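Asks: This is the structure, below, for whatever I ask next.
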Amino acid sequence: MPRLCVVGLSHKTAPIELRERVAIPEGGLSDALKRLTGLPGVREAMILSTCNRVEIYASLDESIAVELLMPFLSGSHAEVEKALYRLEGDEALRHVFKVTASLDSMVIGESQILGQVKEAYALAVAAQTVGPVLQKTLPRAFQLAKRVRTETDVAKSSASIASAAVDLAEQIFGKIAGRSVLCVGAGKMGDLSARHLKSAGVGPLHVVNRTLSRAEALADKLGGHAAPWSDLESLLAKVDIVLCSTGATEPVITAEQVSRVMRARKGRWLFFIDIAVPRDVHADVGQIENVYLYDVDTLEKVVSQNLEGRERAADQADKILLEELARFVVAERHQGVVPVIKALRGHFEQVARAEVERALAKVHLDDRARAQVAQIGDAIVNKLLHAPLTALKRTAGDEQADGEALAKAVRELFALDRLEVSAERSEVAEVPASEAGEVPAKEAGKGSR
Amino acid sequence: MPPLFPVTLALYAVACTLYLAHLWVENTPVGSLQSGARIALGLAFASHAVDIGWLCLHGMHPVVNAREALSFVSWLMCGAFLLISFRLQVSIVGALVVPATMVLYVAARLSPSQEALHGSSLLGNIHVTLATAGVAIFAVAAGAAIIYLIEERNLKAHRPGRLSKHGSALMTLDTLNRRCILLGFPLFTVAMVTGALWAVRSHTTGLFSAQYAIATATWILYAGLLVARQTVGFRGRKAALVTLLGFATAMIVLLIYFARGVSGA
């Protein structure tokens, strides 16, 4: 029976220099998958290669050790080998679930990883290196990830300064869509944050800068309007959000100026995001009524509070993970006894049918009576099988009970493997009950879990 | 006691729990909790309406005395909040308004029955009904003001906590406050006029009584707030504070009225 295995390294076990060495570029993934599944005993494989982790998810034959996959990533470099973790069975399953649900990420709850795992899976599907084990595991992991996102706060708070600023703007204005923004300064930091605001759906965007040409360049890039420095105060009176990122050594926006502006605004709320160091907005501005001022330090404080919240939420997510894991394992175990149940029922039904037919051949009955005799045969089979089938199902789902041993015993007692083989050989599979006990144990164990 | 009291109370309790849960329970889908809370509150509102209707069928005006006025206030608060919750994302205000509604309702139903305060006078009935309606709507505004002040303080102190995250935006809360006062003020104004006329005609209380003076102060505060909002952009924290002050004075009037009802004066 093939089992799920994981070999890989992540930000938790290896520094970026090692991860870089092992990373597989997107273009090379299909080839790598083919080479992997070409290895002896590797039934299925997929590769997850992101900036924080490189991992192989594979299903290996029982006789193959998981270590077989290690040289594939390490290239036999001792340093890389030391950083590699290898997991199999339930541990591997738990790891795949954890990674997909973003509970193993550097920033817990970040949304990118789910997309990356989905892409890696799609690529393996396209490369036809996916089989029953991964086909069962990955979709279940995606479901779990969705549950974790909707049922816990793990992904609800923002984990970067830019997204924290967007959150704060929403706490002041409600929806951020359509709110006007003024970028004071046209540096790289301002550019990045303005892009984030833009992608959050803000409305008109204005850029002022001491050098007008740079303001124009940024405004062109972001689809905004550039204005000379002298327009600063009039623009402050118009916009809702001000993003400051100049390289000035002294504050360029003072409390007196903002007080004047607030009178012109008739007290409308104004939100300053000051990501410049040294700060662009004088600290006293934050004291003015209906003005909210967040600088790099205070934004970082908000982010770290959020991250703490995520850690707490991760505990709840872990509970969900364990729940799903247990459900998955039980379902798998149930799945494992299905062939035994099918074979046992098939065998009983076949014997009953044959005996009924033999008996009917000796007597003359009308159609109704024949149907009734056949029904009696079915009823006897059902009654006889009720208790053993219930026991098989119950022990399969119970971790304490040895369901596997029971299934094996049933196979052996009723010579189910031998019956299956003979049924395959010929369509007629009538085995005398007297032979049931003579099946070699080696054969009887085949196919059971 | 109206036969639907236990049903109404149970529905209010469910709505109350759900609005509070929205605030405190971390891993629950917010949307479904909100709609569940709103449905429970809607049913409570309907059941409470039947409760009030039952009294009317027994020949009692909805605000026949201070006790019934309390029940009526709570019913109107519930209605006003429900109405506004369809337009604005303000379920956090529900966490304040709905428990208050429930407490008022229970207080009304469990307090001893009283004599009719204003007899069958049409003017008296109009006055008390409108004053009650005005106060109920001001109560919702006050709820919004309290939440505004807490959230505003957190945001200013760079501690946008759970309340801000699970709550409503400052602007939404301010809009709720403004709309409630715009809605409640005309009712309260007519209540003041009819109250004055009723007092003069029935010689029950003088125009210069403490009760009337405080009611006038309430009216002046809210009138001033509305004018200041329109003219000088008076909003946010200051508007929330004035709202609370106005509501406090309105509550004093209501308490005097209630005390008179209890003492039978």
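How things are named: the first chain in the structure tokens is A, the next is B, and so on; residues count from 1 in each chain; ligands count from 1 in the order shown.
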Residues of chain A that approach chain B to 6 Å or less, counting only C-alpha atoms: could you list each one with the shortest pair of atoms and its distance in Å to one decimal, rows by chain and increasing residue number, as JSON lines?

Replies:
```
{"residue": "A:Glu151", "atom": "CA", "partner": "B:Asn27", "partner_atom": "CA", "distance": 4.8}
{"residue": "A:Thr152", "atom": "CA", "partner": "B:Asn27", "partner_atom": "CA", "distance": 4.2}
{"residue": "A:Gln171", "atom": "CA", "partner": "B:Ala169", "partner_atom": "CA", "distance": 4.4}
{"residue": "A:Ile172", "atom": "CA", "partner": "B:Leu170", "partner_atom": "CA", "distance": 4.8}
{"residue": "A:Phe173", "atom": "CA", "partner": "B:Met171", "partner_atom": "CA", "distance": 5.3}
{"residue": "A:Gly174", "atom": "CA", "partner": "B:Ala169", "partner_atom": "CA", "distance": 4.7}
{"residue": "A:Lys266", "atom": "CA", "partner": "B:Gly233", "partner_atom": "CA", "distance": 4.2}
{"residue": "A:Gly267", "atom": "CA", "partner": "B:Gly233", "partner_atom": "CA", "distance": 5.4}
```

Asks: Give me a file of those residues, with N, CA and C atoms, as a PDB file, in the first residue's frame.

Replies:
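Output saved as selection.pdb:
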```pdb
ATOM      1  N   GLU A 151     -13.255  30.188   9.671  1.00  0.00           N
ATOM      2  CA  GLU A 151     -13.713  29.958  11.044  1.00  0.00           C
ATOM      3  C   GLU A 151     -12.786  30.520  12.115  1.00  0.00           C
ATOM      4  N   THR A 152     -11.601  30.981  11.727  1.00  0.00           N
ATOM      5  CA  THR A 152     -10.721  31.569  12.741  1.00  0.00           C
ATOM      6  C   THR A 152     -10.278  32.958  12.284  1.00  0.00           C
ATOM      7  N   GLN A 171     -11.309  51.671   9.328  1.00  0.00           N
ATOM      8  CA  GLN A 171     -11.919  51.875  10.644  1.00  0.00           C
ATOM      9  C   GLN A 171     -12.351  53.327  10.838  1.00  0.00           C
ATOM     10  N   ILE A 172     -11.767  54.213  10.065  1.00  0.00           N
ATOM     11  CA  ILE A 172     -12.162  55.625  10.170  1.00  0.00           C
ATOM     12  C   ILE A 172     -13.291  55.933   9.180  1.00  0.00           C
ATOM     13  N   PHE A 173     -13.079  55.521   7.921  1.00  0.00           N
ATOM     14  CA  PHE A 173     -14.006  55.973   6.870  1.00  0.00           C
ATOM     15  C   PHE A 173     -15.057  54.941   6.472  1.00  0.00           C
ATOM     16  N   GLY A 174     -14.948  53.738   6.963  1.00  0.00           N
ATOM     17  CA  GLY A 174     -15.836  52.678   6.466  1.00  0.00           C
ATOM     18  C   GLY A 174     -15.171  52.088   5.250  1.00  0.00           C
ATOM     19  N   LYS A 266     -14.214  71.793   7.621  1.00  0.00           N
ATOM     20  CA  LYS A 266     -15.371  71.714   8.533  1.00  0.00           C
ATOM     21  C   LYS A 266     -15.303  70.440   9.370  1.00  0.00           C
ATOM     22  N   GLY A 267     -14.126  70.150   9.834  1.00  0.00           N
ATOM     23  CA  GLY A 267     -13.954  69.035  10.767  1.00  0.00           C
ATOM     24  C   GLY A 267     -13.997  67.645  10.152  1.00  0.00           C
TER      25      GLY A 267
END
```

Asks: Name the residues in contact with A:Ala164 at a cut-off of 10 Å, using only C-alpha atoms, excluding same-chain residues fewer than 5 positions from it; report them as a count of residues only.

Replies: 11

Asks: Would you mind listing what lies within 9 Å of B:Leu41 as a CSV table (one decimal) with N, CA, C and O atoms, in the first residue's frame, with only C-alpha atoms counted and same-chain residues fewer than 3 positions away left out?

Replies:
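Result written to out-v5.csv:
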```
chain,number,residue,atom,x,y,z
B,11,LEU,N,-37.0,36.1,22.9
B,11,LEU,CA,-36.5,36.6,21.6
B,11,LEU,C,-35.4,37.7,21.9
B,11,LEU,O,-34.4,37.7,21.2
B,12,TYR,N,-35.8,38.6,22.8
B,12,TYR,CA,-34.8,39.7,23.1
B,12,TYR,C,-33.5,39.1,23.6
B,12,TYR,O,-32.4,39.5,23.3
B,14,VAL,N,-32.2,36.1,23.0
B,14,VAL,CA,-31.5,35.5,21.9
B,14,VAL,C,-30.8,36.6,21.1
B,14,VAL,O,-29.6,36.5,20.8
B,15,ALA,N,-31.5,37.7,20.7
B,15,ALA,CA,-30.9,38.7,19.9
B,15,ALA,C,-29.7,39.4,20.7
B,15,ALA,O,-28.7,39.6,20.1
B,16,CYS,N,-30.0,39.6,22.0
B,16,CYS,CA,-28.9,40.1,22.8
B,16,CYS,C,-27.7,39.3,22.8
B,16,CYS,O,-26.6,39.8,22.6
B,36,GLY,N,-28.4,36.4,11.9
B,36,GLY,CA,-29.2,35.7,12.9
B,36,GLY,C,-29.6,36.7,14.0
B,36,GLY,O,-30.8,36.6,14.4
B,37,ALA,N,-28.8,37.6,14.4
B,37,ALA,CA,-29.1,38.6,15.4
B,37,ALA,C,-30.2,39.5,14.9
B,37,ALA,O,-31.2,39.7,15.7
B,38,ARG,N,-30.1,39.9,13.7
B,38,ARG,CA,-31.2,40.8,13.1
B,38,ARG,C,-32.5,40.1,13.0
B,38,ARG,O,-33.6,40.6,13.3
B,44,ALA,N,-38.4,39.6,17.9
B,44,ALA,CA,-38.7,40.2,19.2
B,44,ALA,C,-39.5,41.5,19.0
B,44,ALA,O,-40.5,41.8,19.8
B,45,PHE,N,-39.2,42.3,18.0
B,45,PHE,CA,-39.9,43.6,17.7
B,45,PHE,C,-41.3,43.3,17.4
B,45,PHE,O,-42.2,43.9,18.0
B,46,ALA,N,-41.6,42.2,16.6
B,46,ALA,CA,-42.9,41.9,16.2
B,46,ALA,C,-43.7,41.4,17.4
B,46,ALA,O,-44.9,41.8,17.7
B,78,CYS,N,-35.8,49.5,19.7
B,78,CYS,CA,-35.6,48.3,18.9
B,78,CYS,C,-35.9,48.6,17.4
B,78,CYS,O,-35.1,48.2,16.5
B,79,GLY,N,-37.1,49.2,17.2
B,79,GLY,CA,-37.5,49.5,15.8
B,79,GLY,C,-36.5,50.4,15.1
B,79,GLY,O,-36.1,50.2,14.0
B,82,LEU,N,-33.3,48.6,14.3
B,82,LEU,CA,-33.5,47.7,13.2
B,82,LEU,C,-33.5,48.4,11.9
B,82,LEU,O,-32.9,48.0,10.9
B,98,VAL,N,-29.4,46.8,22.2
B,98,VAL,CA,-30.4,45.6,22.4
B,98,VAL,C,-30.4,45.2,23.8
B,98,VAL,O,-31.5,45.0,24.4
```

Asks: Within stretch 19-248 of chain A, find each residue whose DSSP state, derived from the backbone, is strand (DSSP E or B), and express the selection as a PyMOL selection string.

Replies: chain A and resi 42-49+53-60+85-88+181-184+205-208+225-227+241-244

Asks: If you measure from atom CA of A:Lys362 to atom CA of A:Leu344, what distance in Å do you get, rounded to one decimal?

Replies: 27.9 Å

Asks: Give me the residues within 8 Å of A:Ile273 as a PDB file with all heavy atoms, in the first residue's frame, counting only C-alpha atoms and dropping any in the same chain fewer than 3 places off.

Replies:
```pdb
ATOM      1  N   ALA A 165      -2.327  50.013   7.397  1.00  0.00           N
ATOM      2  CA  ALA A 165      -2.786  51.374   7.103  1.00  0.00           C
ATOM      3  C   ALA A 165      -4.146  51.347   6.414  1.00  0.00           C
ATOM      4  O   ALA A 165      -5.026  52.153   6.717  1.00  0.00           O
ATOM      5  CB  ALA A 165      -1.763  52.091   6.223  1.00  0.00           C
ATOM      6  N   ILE A 241      -7.093  60.848   2.874  1.00  0.00           N
ATOM      7  CA  ILE A 241      -5.934  60.130   3.396  1.00  0.00           C
ATOM      8  C   ILE A 241      -4.659  60.808   2.877  1.00  0.00           C
ATOM      9  O   ILE A 241      -4.576  61.131   1.688  1.00  0.00           O
ATOM     10  CB  ILE A 241      -5.958  58.651   2.921  1.00  0.00           C
ATOM     11  CG1 ILE A 241      -7.234  57.964   3.424  1.00  0.00           C
ATOM     12  CG2 ILE A 241      -4.728  57.885   3.388  1.00  0.00           C
ATOM     13  CD1 ILE A 241      -7.557  56.660   2.727  1.00  0.00           C
ATOM     14  N   VAL A 242      -3.694  61.018   3.763  1.00  0.00           N
ATOM     15  CA  VAL A 242      -2.432  61.632   3.350  1.00  0.00           C
ATOM     16  C   VAL A 242      -1.302  60.641   3.621  1.00  0.00           C
ATOM     17  O   VAL A 242      -1.149  60.159   4.747  1.00  0.00           O
ATOM     18  CB  VAL A 242      -2.169  62.950   4.119  1.00  0.00           C
ATOM     19  CG1 VAL A 242      -0.918  63.641   3.588  1.00  0.00           C
ATOM     20  CG2 VAL A 242      -3.361  63.879   4.035  1.00  0.00           C
ATOM     21  N   LEU A 243      -0.553  60.338   2.577  1.00  0.00           N
ATOM     22  CA  LEU A 243       0.549  59.384   2.699  1.00  0.00           C
ATOM     23  C   LEU A 243       1.859  60.159   2.562  1.00  0.00           C
ATOM     24  O   LEU A 243       2.148  60.716   1.506  1.00  0.00           O
ATOM     25  CB  LEU A 243       0.418  58.339   1.586  1.00  0.00           C
ATOM     26  CG  LEU A 243       1.522  57.311   1.462  1.00  0.00           C
ATOM     27  CD1 LEU A 243       1.528  56.390   2.672  1.00  0.00           C
ATOM     28  CD2 LEU A 243       1.320  56.482   0.196  1.00  0.00           C
ATOM     29  N   CYS A 244       2.635  60.235   3.658  1.00  0.00           N
ATOM     30  CA  CYS A 244       3.851  61.057   3.627  1.00  0.00           C
ATOM     31  C   CYS A 244       5.096  60.191   3.572  1.00  0.00           C
ATOM     32  O   CYS A 244       5.243  59.266   4.370  1.00  0.00           O
ATOM     33  CB  CYS A 244       3.928  61.928   4.876  1.00  0.00           C
ATOM     34  SG  CYS A 244       2.497  62.955   5.067  1.00  0.00           S
ATOM     35  N   LEU A 293      -3.156  60.247  13.238  1.00  0.00           N
ATOM     36  CA  LEU A 293      -1.787  60.219  12.712  1.00  0.00           C
ATOM     37  C   LEU A 293      -1.110  58.917  13.115  1.00  0.00           C
ATOM     38  O   LEU A 293      -1.030  58.584  14.300  1.00  0.00           O
ATOM     39  CB  LEU A 293      -1.013  61.426  13.279  1.00  0.00           C
ATOM     40  CG  LEU A 293       0.500  61.400  13.104  1.00  0.00           C
ATOM     41  CD1 LEU A 293       0.882  61.403  11.629  1.00  0.00           C
ATOM     42  CD2 LEU A 293       1.144  62.604  13.802  1.00  0.00           C
ATOM     43  N   TYR A 294      -0.651  58.185  12.130  1.00  0.00           N
ATOM     44  CA  TYR A 294       0.094  56.944  12.387  1.00  0.00           C
ATOM     45  C   TYR A 294       1.438  57.047  11.683  1.00  0.00           C
ATOM     46  O   TYR A 294       1.490  57.284  10.481  1.00  0.00           O
ATOM     47  CB  TYR A 294      -0.681  55.720  11.873  1.00  0.00           C
ATOM     48  CG  TYR A 294      -1.736  55.263  12.848  1.00  0.00           C
ATOM     49  CD1 TYR A 294      -2.907  55.984  13.025  1.00  0.00           C
ATOM     50  CD2 TYR A 294      -1.549  54.112  13.612  1.00  0.00           C
ATOM     51  CE1 TYR A 294      -3.859  55.577  13.948  1.00  0.00           C
ATOM     52  CE2 TYR A 294      -2.501  53.694  14.537  1.00  0.00           C
ATOM     53  CZ  TYR A 294      -3.650  54.432  14.709  1.00  0.00           C
ATOM     54  OH  TYR A 294      -4.591  54.035  15.616  1.00  0.00           O
ATOM     55  N   ASP A 295       2.523  56.892  12.442  1.00  0.00           N
ATOM     56  CA  ASP A 295       3.846  56.871  11.817  1.00  0.00           C
ATOM     57  C   ASP A 295       4.361  55.430  11.774  1.00  0.00           C
ATOM     58  O   ASP A 295       3.658  54.501  12.173  1.00  0.00           O
ATOM     59  CB  ASP A 295       4.815  57.812  12.555  1.00  0.00           C
ATOM     60  CG  ASP A 295       4.962  57.442  14.019  1.00  0.00           C
ATOM     61  OD1 ASP A 295       4.829  56.249  14.333  1.00  0.00           O
ATOM     62  OD2 ASP A 295       5.195  58.346  14.853  1.00  0.00           O
TER      63      ASP A 295
END
```

Asks: Kindly give the distance, in Å, that separates atom CA of B:Arg178 and atom CA of B:Ile252, rounded to a single decimal.

Replies: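 So the answer is 22.0 Å.
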
Asks: Can you tell me which residues surround B:Pro3 at a distance of at most 10 Å, considering only C-alpha atoms, apart from same-chain residues fewer than 5 positions away, and format the answer as a list of chain:residue names?

Replies: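 Contacts, in chain order: B:Thr8, B:Val50, B:Asp51, B:Trp54.
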
Asks: Please identify the helix (DSSP H, G or I) residues within stretch 186-222 of chain B (assignment by DSSP from backbone atoms) and present them as a ChimeraX atom specification.

Replies: /B:186-202,210-222

Asks: Closest to A:Lys98 among A:Leu236, A:Leu48, A:Leu270, A:Val148, using only C-alpha atoms?

Replies: A:Val148

Asks: Between B:Ala210, B:Tyr222, B:Phe86, B:Val242, which residue has the minimum interatomic distance to B:Ala145, considering only C-alpha atoms?

Replies: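 Of B:Ala210, B:Tyr222, B:Phe86, B:Val242, the one nearest B:Ala145 is B:Val242, counting only C-alpha atoms.
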
Asks: What does the distance from atom CA of B:Ala69 to atom CA of B:Thr129 come to in Å, to one decimal?

Replies: 7.9 Å

Asks: Identify which of the residues A:Leu69, A:Thr50, A:Lys319, A:Ser30 lies closest to A:Val6, counting only C-alpha atoms when measuring atom-to-atom distances.

Replies: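 Counting only C-alpha atoms, the residue closest to A:Val6 is A:Leu69.
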